[in-house]
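Single-structure report; data block below.
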Amino acid sequence: MTTNDDIDQDSMADDWAAAMQEQAAVDAIDVSRVPLDELHVESEKNIHNPDLDVILDIPVSISMEVGRTSITIRNLLQLNQGSVIELDRLAGEPLDVLVNGTLIAHGEVVVVNEKFGIRMTDVISPSERIKKLR
């Protein structure tokens, strides 16, 4: 008499045998080896001439910051329509342009075709952006 345990063990043995045959077939394939110096040359090419097409379609978030302030939760809950919040900037100071939360430029508000925009007045250099990341 055959039990379910015997069937399960036979099935498992068949699965293992098939997996071992598959692994043997993979091991039999002749893999061509690339000399180490060729890999080094490829990596140097990518460092000196990166292919920027790879990252051009990555979405980023751009935001403009007028200013900041800190208030207590009590004061936050008391805010309603018409409330005024004092910010840490003076009127007329440039706005911060942030990309994914990182400052990249300063700018001023402009209106074009009845829509708000921002004109970049000062772009932070890449070296200064890297310094701020550290």
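Every chain in the structure tokens has a letter given in the order shown (A, B, ...), and although residue numbers restart at 1 in each chain, ligands are simply numbered from 1 in the order shown.
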
Problem set entry | Shell of 10 Å around Thr69 in chain A, only C-alpha atoms, local chain residues under 4 positions omitted, as a ChimeraX atom specification | /A:85-89

Would you pick out the contacts of Gly107 in chain A at 12 Å or less, using only C-alpha atoms, so that residues sharing its chain but fewer than 5 positions from it are not included, and give the list as an mmCIF file with C-alpha atoms, in the first residue's frame?
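What ended up in part.cif:
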data_model
loop_
_atom_site.group_PDB
_atom_site.id
_atom_site.type_symbol
_atom_site.label_atom_id
_atom_site.label_comp_id
_atom_site.auth_asym_id
_atom_site.auth_seq_id
_atom_site.Cartn_x
_atom_site.Cartn_y
_atom_site.Cartn_z
ATOM 1 C CA SER A 63 10.281 72.809 -4.593
ATOM 2 C CA MET A 64 10.647 76.502 -3.813
ATOM 3 C CA GLU A 65 11.010 77.578 -0.210
ATOM 4 C CA VAL A 66 9.877 81.061 0.761
ATOM 5 C CA GLY A 92 12.330 90.584 -1.346
ATOM 6 C CA GLU A 93 14.941 87.984 -0.356
ATOM 7 C CA PRO A 94 15.492 85.231 -2.942
ATOM 8 C CA LEU A 95 13.670 81.912 -2.606
ATOM 9 C CA ASP A 96 15.525 78.627 -2.147
ATOM 10 C CA VAL A 97 15.195 76.140 -5.004
ATOM 11 C CA LEU A 98 15.370 72.591 -3.661
ATOM 12 C CA GLY A 117 7.364 80.693 -12.048
ATOM 13 C CA ILE A 118 10.836 81.207 -10.665
ATOM 14 C CA ARG A 119 13.817 82.855 -12.297
ATOM 15 C CA MET A 120 17.124 81.401 -11.160
ATOM 16 C CA THR A 121 19.354 84.168 -9.868
ATOM 17 C CA ASP A 122 22.166 82.140 -8.310
ATOM 18 C CA VAL A 123 22.942 78.452 -8.927
ATOM 19 C CA ILE A 124 24.961 76.623 -6.276
#

Problem set entry | Which of range 34-124 of chain A fall in strand (DSSP E), as a ChimeraX atom specification | /A:62-65,95-99,102-112,115-123

Exercise. Which one is closest to Gly101 in chain A: A:Val60, A:Leu79, A:Met20, A:Met12? Count only C-alpha atoms.
Worked result: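 Checking each candidate against Gly101 in chain A, we get A:Val60 as the closest.
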
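Note that the spacing between CA of Lys115 in chain A and CA of Ile62 in chain A amounts to 16.6 Å.
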
Exercise. To one decimal place, how far is CA of Ile104 in chain A from CA of Leu52 in chain A in Å?
Worked result: 19.1 Å

For this session: Report the distance between CA of Pro59 in chain A and CA of Leu103 in chain A in Å, rounded to one decimal place.
Result: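 Going from CA of Pro59 in chain A over to CA of Leu103 in chain A covers 16.8 Å.
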